[in-house]
Every structure is written in structure tokens, then in C-alpha cells.
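Please read the structure below before turning to the comments.
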Amino acid sequence: MRSAAITRTSIEPEWVLPSRGRVGMFSLIAAEAAVFTIFVVAYIFYVGKSVSGPTPKDVLELPIVGTVCLLSSSVTIHLAVRALRNSKLTVFGVWWFVTIVLGAIFLIGTGMEWRHLIFDDGVTVNTNLFGTTYYSLVGLHAFHVTVGLIVLILGMIFFLLGEIKPEHSQRAEIFSLYWHFVDVVWIVVFTVVYIVGR
Amino acid sequence: MSYLAYENKSGSVPIAGVLLLFAVVLFAGGQCSAASGPAIPNIFKPESTPADSIYGLSLLVLAVTGFIFVIVFCLIAYAIAKFRKRSNDEPEPPQVYGSNQIELAWTVIPVLIVLVLFMATARVIHAIEDAPVPKRALEVTVIGHQFWWEFRYPSLGIVAANELHVPVSDPSHPTPTFLTLLSADTDHSFWVPRLAGKTDLIPNRVNKMWIDPHDVGVYVGQCAQYCGMQHAKMLLRVYVDSPERFEQWVEEEKEPARTSDAANEGRRIFETTACINCHTISGTVADGRFGPDLTHLMSRETIASGAATNTPENLKTWIQDPDAIKPGSLMPAMKLGDHDLNALTAYLQTLR
Amino acid sequence: MASDSIALNVINQDTRPIGDRLHDWVVTVDHKKLGILYILYGLVFLIIGGIEATIMRIQLVVPHNHFVSPEVFNRMFTMHGTTMIFFVIMPILFGFGTYLIPLMIGTRDMAFPRLNAFSFWLTAFGGLLLYFSFIGGNGLYGAGNAPDVGWFAYAPLTSRAFSIGHSTDFWTLGLLVSGFGSIGTAVNFIATILCMRCPGMTLGKMPLLAWLYLIVGGMVILAISPLTAAQLMLSVDRYLGGHFFDTQAGGSAVLWMHFFWIFGHPEVYILVVPAFAFASEIIPVFSRKPIFGYPVMVAATVCIGFISFSVWAHHMFTVGMSSYGNTFFTVTTMIIAVPTGIKIFNWIGTMWGGKIQFKAPMLFCIGFLFQFLIAGLTGIMMAASPFDWQLGNSYFVVAHFHYVIVGGILFTVFGAFYYWFPKMSGRMYSETLAKWHFWLFLIGFHLTFDFMHIPGILGMPRRIYTYEPGRGWGIWNMIVSIGVVFQIAGILVFVFNLLQSLVKGEPAGGDPWDAWTLEWSTNSPPPEYNFARIPVVQSRRPLWDIKHPEDPDWKYE
């Protein structure tokens, strides 16, 4: 019988392949990184090229609180995932909730910054090249934070409904990769927009 | 499985067919390099140093690629002719998985070929792009518009359109022309194949190129970057004049527009209609810059950026209904009465 | 013929009402059905894109022709280019990948079946969105108004000032949506190939097709994303009044070119690497030898993948880059010819000493070898940037990239189609008609695209709706247009063959080609679960090992 050799006939060494969730998420992150790279390149290319004001120096202030919150949320989501893996459900819930709060503070900070820029300084997307590139880059990042927050909140709802179990720790971990990525992007955006670009 | 039983009896047909086709192509290539006359652009008939350097490089590249083609073509042809399956009950051929020596050979040899080609290319890039501007060079600013060319000679105070006049450049005594390329709207590209390769005209960017035509005559080209609806009829004519003829042309162009009483009515019509919004005629109130400068309209052989010859009939058609010659041109249809149209055309005829 | 699946070896006749069967296709997450949907979708758009090309060739057959207006011509070349790249070649290649990868690596579906379906429908709706512009681009009044900015849509022609109405928005959104679909499919390819291989199939024992699709997946992720980003920026410009590409406000037209070609050049390789994959499966089987230099083939493709991200500005030699920029992109572009050449040599090495059977798939692959050789050589010509200052944006370039895309990619796609048609449909195609298709298309192809080089040499730029008489271009354009007739005839034979064989073709059986990869170890068409038992492999050619137990591959690998 010809098919014999291609079926599992003998005891092979264990056949281990990477987790598809992880590989999928890393692929997605690579794609997102490429998108952000293009936006960052456009931002850097147009630094100082606006034909009219205001310039970033005039209007931008360092968003220290938001940055601290977002960066620490990476730590809290890590703690949450670790707790879930160790079956400490309550601890998971607390850290997960703290992550949501930190992410929300960041978003609110961005919202207030934009409000200030639009109503007090009069900078919008079509004011000048700075406006166009700034709102696009920071907005793209804020959009990713928003998507992350939605997933986090969904996770919280599942948790409150008692649907989260330790066997979901791998999914939580895969999502946390995304959240870490969003943080790393913020470090780049922060450096480019608020330090180099100013 | 009757379909499968079909066996190709003539494995050599593809080779012969393809060979024949390539012979035809080579012949055609020879034909087109034999074609001449200023009206036929041809990158293999260079008349200016940049085009000539490119031609020299292209011969090297063609020789190398032609050599590679012959070698690989013969390998493929030999393989499909020699290693055909001749009957259905033959055993499987020896299974060969690869050979590191052969792989190494066909990696190293192409790398060497690439190295040679690259060095030859780098020399030509440098020679053309980094050529110093001699003192005797003529400077012309070329501005691309939808869908025509504006030529400004800043040192001479001349503005022309669509027909670029440059002096012939004697190799022993070069008088090259350096072009500064700008665009007023979308991307364009300046391409006169016999004089030089193309360079784009891009808004908000300054590009440079140069030509030094070795022989007098008219050299045609056209916009080579899609720039909008009438990209096809954004034609380009370069008049390479003898030094004397060029001097004469410069003197004529420097003059303000001629006036004659006979054409006064036409001039009045010109000055009181929308014409002046877009066109300039020096010495009149017309100083628009959206359209070509008409001060010396009659010194040009063509109108509408080379789309039509400069005859009174074509001028009338052009004024009344530009879309008849060049649909999508930005010139509006003027919708003049017959009398006004005749008077206006008569006036334009005086702009020598 | 022993089969590894439970189902009987007969073509499964579905007797349910047609509504139910169609519903199955719409909601399916089965990689085989989605693969076939991708391919059919691509074939439909192939016909549409072909009609657009035909309209252009009729218009250009003589100088000063009035077959269509300049607006229509400009829309035709924009839609033709966009359609053929994004909605014909990409879907067909993704379709083959989606269909074949799980079968070839011995698994039951893709890593993310629902993402797979989602990606297909995104691509499908992207195409519909693009074509909706014919109705909606002008807000339904007036004639149809499709995009007319060219397939690479250079700024500032795409700005509101030069592109009024919504046609360009449809172009942007169509590509954005289908781009998300492509990224989803690429993620799926990568995850499937890395995580779902059957036991024993280490990376070094995968079929070359799986390797090449893995590389394509990586390239799609890194190349389509910049396009997505650029399209987002263009949308910001057009909808929110941004200035990314607004030259009046200090924006840069050249930046768009960079962003587009950072996508655009790897895209060429995204399209051609799957073509390499088909050739690398078909040529060995019909030469009766394993692929020559498997590790080198993989390494060369990985090299191509990397280098392809450093050559983009060779599309921009004429924009006035510095001599250093031009020199850099000249060398990278020439270097990429080396791994490509290695691949050609390895295919020849595979045929060398073999026993070649000239079945339709092999004929198309041989055509591919010749034509891709020429396409590569004209590519070298244009890599020499000064030569490109002459040839760039002329009909020479048009001929060159059609040599790549039609002569290279489409030929292997036809080859792949005939090769896997028995697997997908369970029936054999007509070999006679397939040969007619091959020869008609070959003649048409060479008439059209060989002679298209010449007007380029004579200074004919691309994208012109008409041209002046007396420039020596007329005769060549006439020949080029005549070639189209043969190509159409070839395609008609192909479609007829396809339809007729679907109904009347002889049952193919599981392994009509006596081939060696896992997809041939199951039924034709494969059952929904692909393999009743997940196979275990020991070499790159598991079926060879079974058929030749006295001389199996794993002894030599």
C-alpha cells in the first residue's frame, strides 16, 4: 500500500511548531511598523518645510503625563498576563483594569492637546505641513491606542462575566504584544514629534 | 486519458519560432536606427553629447546583454531539444539534486559582469550629471504647463513658447545650453531623444539638464511624464540654429510687438476680451502668464504646442474651438463672431 | 490507485439546489473554495482588463485616430494597469497560494480560515469599489468617470485641484481596501507555512512553492503597508485638506513617488516570485527530475526579497536625483539580476539531463523561461540609469514590464492553471485546445510586445492617446495592435477549454502527472478535510519516496 509511508506509522520525535497566533501577531506588527515608518519618514521629511506658521516650537508641549501612563501600561498588561497564566484571576482583573485606565488617560491627554491646538492655536490638518503631518502621525497612533482599548474593554467585560480562564492566557499574551508595540511606536512618535521635530 | 496521450512530436518548433521572431526584432531594430531626418526622433541617432554618451553606454549594454541572451538562449534551446522524452516507457532519468561548483560559477560570473556594467554606467552618470557649466553656456528656464512649454532666457530677456531655439555647439568651441526645469502645475518631462535623455519638470522642485547639439536642424520630442488629459499633444520642438541665425532670432525676439494701423481693430478685440487674462503681448495691456507669450507668435511654425501648423485657418479654429485641435486644452473657446474672429486673426498675423 | 482519503475516488456530484450551493461558496472558509474564488475573480477581471487594453490598442492602431476621446483613453490605461496588477495577478496568485499551500504542506486548512475569507472579500469589494467609479465617480450625472491619473497616480495630478470629482477617491479607497485584504492573506500565508506543516516537514523539506510563498508573504507585509500609508495620506489630502502632496503648500510630489515605488518595486517581485514558485513545481515534474539546487533557489529568492526593497528609485531615474542617488540605485538594480539569473540557470539545470514532456504546463513554463530572460535583460538595460533617461517612460518600458508580467507571470499562471486544473476540478483539460491556446497566445504576445520596444526607441512616450504621423511609429503600433487579435483568440480558446473540460473532461484521478508533492496524494478534487490522516514526510518529494522505495530522496538530502 503506497500511502503507508506518508502516514504516522512510527514514533517520531515530538513535532513542535510555533504558535500561529504569535506568528500572526508578529506579522501584523511588522505590517503596522511599515505603515508607521512611512508616516514617520513623512513627518521628518517635512520638519521645518511649512511655508507658514505656526511651527511645532510655538505650539507643542511635552505630553509627559500621557507618556508615563502609556509606558507604564506596558508593565501592567504584562503583570496581568502573568497573573492569568498563574491562574490568579483577581490579580489579572486588577492589572487589566489599571491598563485600561492608563490607556484612557493617555487618550484623554491627546484629546486635550488637540483641543488646545485647534481652539487656542488654530492648528488644523490644513493649516500647514506641520498640521497635516502632526495630526496624521499622532492621530494614527491614537487610533491604534483606541483599537487596543476597545479590545482591553472587551476583555474586561468577559472578565466581569466570568468568562476569562487561565487557558486564555495565551490569547491575552498575544494581544499584549500588540499593546507593547503601540507603546514602542509612541516612544518613536514622541522622540520624532516632541524632541527632534521641535 | 486520451488527452494525456497526446505527445508533442515537434519539440524544435518553439525554438525555430522564437528564433525567427528575434531575427525579425533585430532586423526591425536595425531599420529604426537607419531611419533618419530631424522629424524622426531616435535614441540611436544622437546629435548632442549627453545623448551621445548614453548611446555609447547603450552599445556596451546591448553587447553584454546580447551575449548573455545568446548563451542562455542556446542553453535552453539545447536542453529542450536534447532532453525530450521520446517514448512513454522510458525509466526515470538519473535524479540530480544540484552542484555547488556549478552554482558558484553561475553566481560569480554574473557578479563580474554586473561589476563591469556598473562601472561603465557610473562613469556616464557622472559625466552627464556633474558636467561643469562653461562660461559660454546659454541658460534657459523651461517651465512646464498643462499642456505647453514656456521658455525663458533670463540673460537675454526673451520669453518664448513650445519652440526652443538654441545655438549649435561646435565641439571644438562648445556653446552648450543649460536648462533649468520647473513646473507650474503637474509633473512633466522634457524629452528630445536625439539631444539628451529626459528629465522631469516637477512643481516645487528645480531640475537641471543640458544639451549641446552638434548639427543645425529641428529636433522633435514631447512631454514624457503623464501630466493630464492632453499629455499626448504636449509636443516639443527644438530649433538648433547656426550662431548667426540664433543671433538674429534673439534680436527679433527682443523687440516689442509690432503695431500696424491695419490691425488696430483686432488689437482692440484682443485687449478687451479674456485673451489678456492668460496671454502676454509686450507693449500692450496683455500680461497674463497662464498661456504662451504671443508677442512673436508668427515666428513659430506651430501653435497649440505643436499640435497644429501655424496657419490662419488653424489659428481661427484654435481660437473658436480649441477642442477641435486639442480636446482638454485649458484654452477656453472664445466664441467670437466672424467679423471679430477675422480681425483678431489678422492682428495675430502681424505679431512677427 | 490507493488514496489517503476516506471519500471514494469519484467526482463528487453535488445535487443540492443551486441556491444552497452558491450560499456555500459565499460563506465558505475552506481554503480550496476561497482559492478557487480568488482565481475566478481574477479571471473575470482579466477579461475586463483585457477589454480595456484592446480599446487602447484600437485607438493607437493609426496616428490621429478618433476611436476614443483622450479622457476615455486616460481612464482606460489607469484602469487597465490598476486592474491587472491588483485585481487580476494578485488575486490569481493569492488564489493559487490559498488553494495549494495547505495541501502541499499537509494540513487541513490555513492558520486563520475566517481571516482568509475576510481577506478574499476585502479584495473582492476593493475591485468592485474601483469599478463603481464608472458609475459613481461623477456623482451619477454625465458619463462614467473612472480614475484617469495613471496606475501610479503621481502627485499633484491626484490633488483636488487637478482631479475634480470622486474618481481618484474610488481609486484610493479601492486599493486601500484590497490592500488590507492582501495583508491579511500574507499574514495567513506566513502563519500557515510556519505553524501548520505536517510532521517531518522541516523548513528545508518544504516544497519550493511553500518557501516562495513564505517570502512573498513577508514582502507583501512590508511592501503593501507603505502603499496603505501613502493612500491614507492621499485621503487626508483629498478629504481633510491636508498638504502631504500639495506642492502649493510646500508639499513634495517626489515624496509620493518614493512612497509609491517603495511599494511598487517589491510589488513586481511579489507578483513574480509566485510565478517562480509555479515554474519550480512544474519544470521538475515534466523534466522528471528534482529541482536543481533547492537550497540555492531558496537563498536566491530570499536575496531577491531583500534587495527588492532597495531598488525602488530606479523608477525615478528621471526625476533629477543626484549622481550619487542614481549610482546607488543603478548598482542595487543590477545586483538583483544576479539571484534572478541564478534561478533561471537552476531551472535549466533541472531540465538538463531530464526527460522533458511537452504538456501544456511545461510549454507555458518554457515560454516563461525565454521571455523572462529577455525581460531581465531589458531590465538590465534600464538599470543603467543614463540608458533609462532615454528609455524611461517610453514604450520600451511598457514593453519591458509587459514582458515581465505577461511573458513571465501570466505564462506561468496559465501553466499553473493547466497543471492544477485536474486537482481543482477533478477533470482533465483538453491538451489539444491547451496547445492551441499556447501557440496563439505565444504568437500574439510576441507580435505585441516584441515590436512594442521599437516605438520606445523612436521616442514614443507612454500614456499618449494619439501620436503624430511621420515619426516612424505607425507601422510598429499597427503590428502591436494586430498581436492583440491573436492574444484574444488564445484567451477565448482558454476560456472555452476551461468551460468544456469542467463539464466533459475525463476524470483526472488523484495524481495525473505522476508528481511528487503532497497535493497529489489526495483525491481530485480533494475532500474538504484534504487528508483523512495527516501525512508524515521524510523528504522534499514524499510521493517520490513512496513510488521509489528502493531509491528515496531522503537518502540524499
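Chain labels follow the order of the C-alpha cells: the first chain is A, the next B, and so on; residue numbering restarts at 1 in every chain, and ligands are counted from 1 in their shown order.
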Chain A contacts on chain C, only C-alpha atoms, 8 Å, as an MDAnalysis selection string:
chainID C and resid 2:4 111 183 187:188 190:192 194:197 199:200 218 221:223 225:226 228:230 233 236 240:244 249:251 255 259 521 533:537 542 546:547
Just need the residues of chain C within 6 Å of chain B, counting only C-alpha atoms, so spit them out as a PyMOL selection string.
chain C and resi 156-157+247+289+292-293+318-320+327+338+352-358+377+384+386-387+389-390+430-431+457-459+461+464-465+471
Could you give me the residues within stretch 77-237 of chain B that DSSP places in strand (DSSP E), as a PyMOL selection string?
chain B and resi 138-145+148-153+158-161+163-167+177-183+188-190+199-201+207-211+217-222+235-237
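For A:Trp95, the residues within 8 Å (counting only C-alpha atoms, excluding itself and residues fewer than 5 positions away along the chain) are Thr76, Ile77, Leu79 and Ala80 of chain A.
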Skipping near chain neighbours, those fewer than 2 positions away, what residues fall within 12 Å of stretch 157-159 of chain B using only C-alpha atoms, listed as JSON, numbers by chain?
{"B": [139, 140, 141, 142, 143, 149, 150, 151, 152, 153, 154, 155, 161, 162, 163, 164, 165, 249, 250, 251, 252, 253, 254, 255, 256, 279, 280, 281, 282, 289, 291, 292, 293, 294, 295, 296, 297]}
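For the pair atom CA of C:Phe445 and atom CA of C:Tyr99, the interatomic distance is 28.3 Å.
Non-sequential neighbours of A:Ile164 (distance at most 9 Å, separation of 5 or more positions within a chain, only C-alpha atoms) are Leu84, Leu89, Gly155, Met156, Phe158, Phe159 and Ser169 of chain A.
Separating atom CA of B:Ala131 from atom CA of B:Leu179 is a distance of 12.8 Å.
Nearest residue to A:Trp186 among A:Leu70, A:Leu62, A:Val101, A:Leu149 is A:Leu70, counting only C-alpha atoms.
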If we count only C-alpha atoms, what is near stretch 329-342 of chain B at a cut-off of 12 Å, once residues fewer than 3 positions away on the same chain are taken out, given as an MDAnalysis selection string?
(chainID B and resid 145:148 227:234 263:270 272:275 277:279 290:292 304:305 307 312:313 315:326 345:349) or (chainID C and resid 70:71 162)
Backbone DSSP call of helix (DSSP H, G or I) for stretch 413-488 of chain C, listed as a PyMOL selection string
chain C and resi 413-425+431-451+453-457+474-488
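We find atom CA of C:Met257 and atom CA of C:Thr54 to be spaced 28.3 Å apart.
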Neighbours of C:Pro455 within 8 Å (only C-alpha atoms; same-chain residues fewer than 3 positions away dropped), as number ranges by chain?
C: 395-396, 451-452, 458-460, 472-473, 476-477
Save out the residues we just selected, C-alpha atoms, as a PDB file, in the first residue's frame.
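Output file again-v6.pdb is given in full below:
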```
ATOM      1  CA  TYR C 395       7.030  52.406 -24.926  1.00  0.00           C
ATOM      2  CA  PHE C 396      10.239  50.487 -24.301  1.00  0.00           C
ATOM      3  CA  PHE C 451       7.524  45.194 -31.521  1.00  0.00           C
ATOM      4  CA  MET C 452       6.412  47.478 -28.728  1.00  0.00           C
ATOM      5  CA  LEU C 458      11.976  56.017 -31.580  1.00  0.00           C
ATOM      6  CA  GLY C 459      10.882  58.360 -28.831  1.00  0.00           C
ATOM      7  CA  MET C 460       7.241  57.412 -28.291  1.00  0.00           C
ATOM      8  CA  GLY C 472       8.031  56.329 -37.808  1.00  0.00           C
ATOM      9  CA  TRP C 473       5.758  54.939 -35.094  1.00  0.00           C
ATOM     10  CA  TRP C 476       5.048  49.367 -35.222  1.00  0.00           C
ATOM     11  CA  ASN C 477       1.839  50.347 -33.488  1.00  0.00           C
TER      12      ASN C 477
END
```
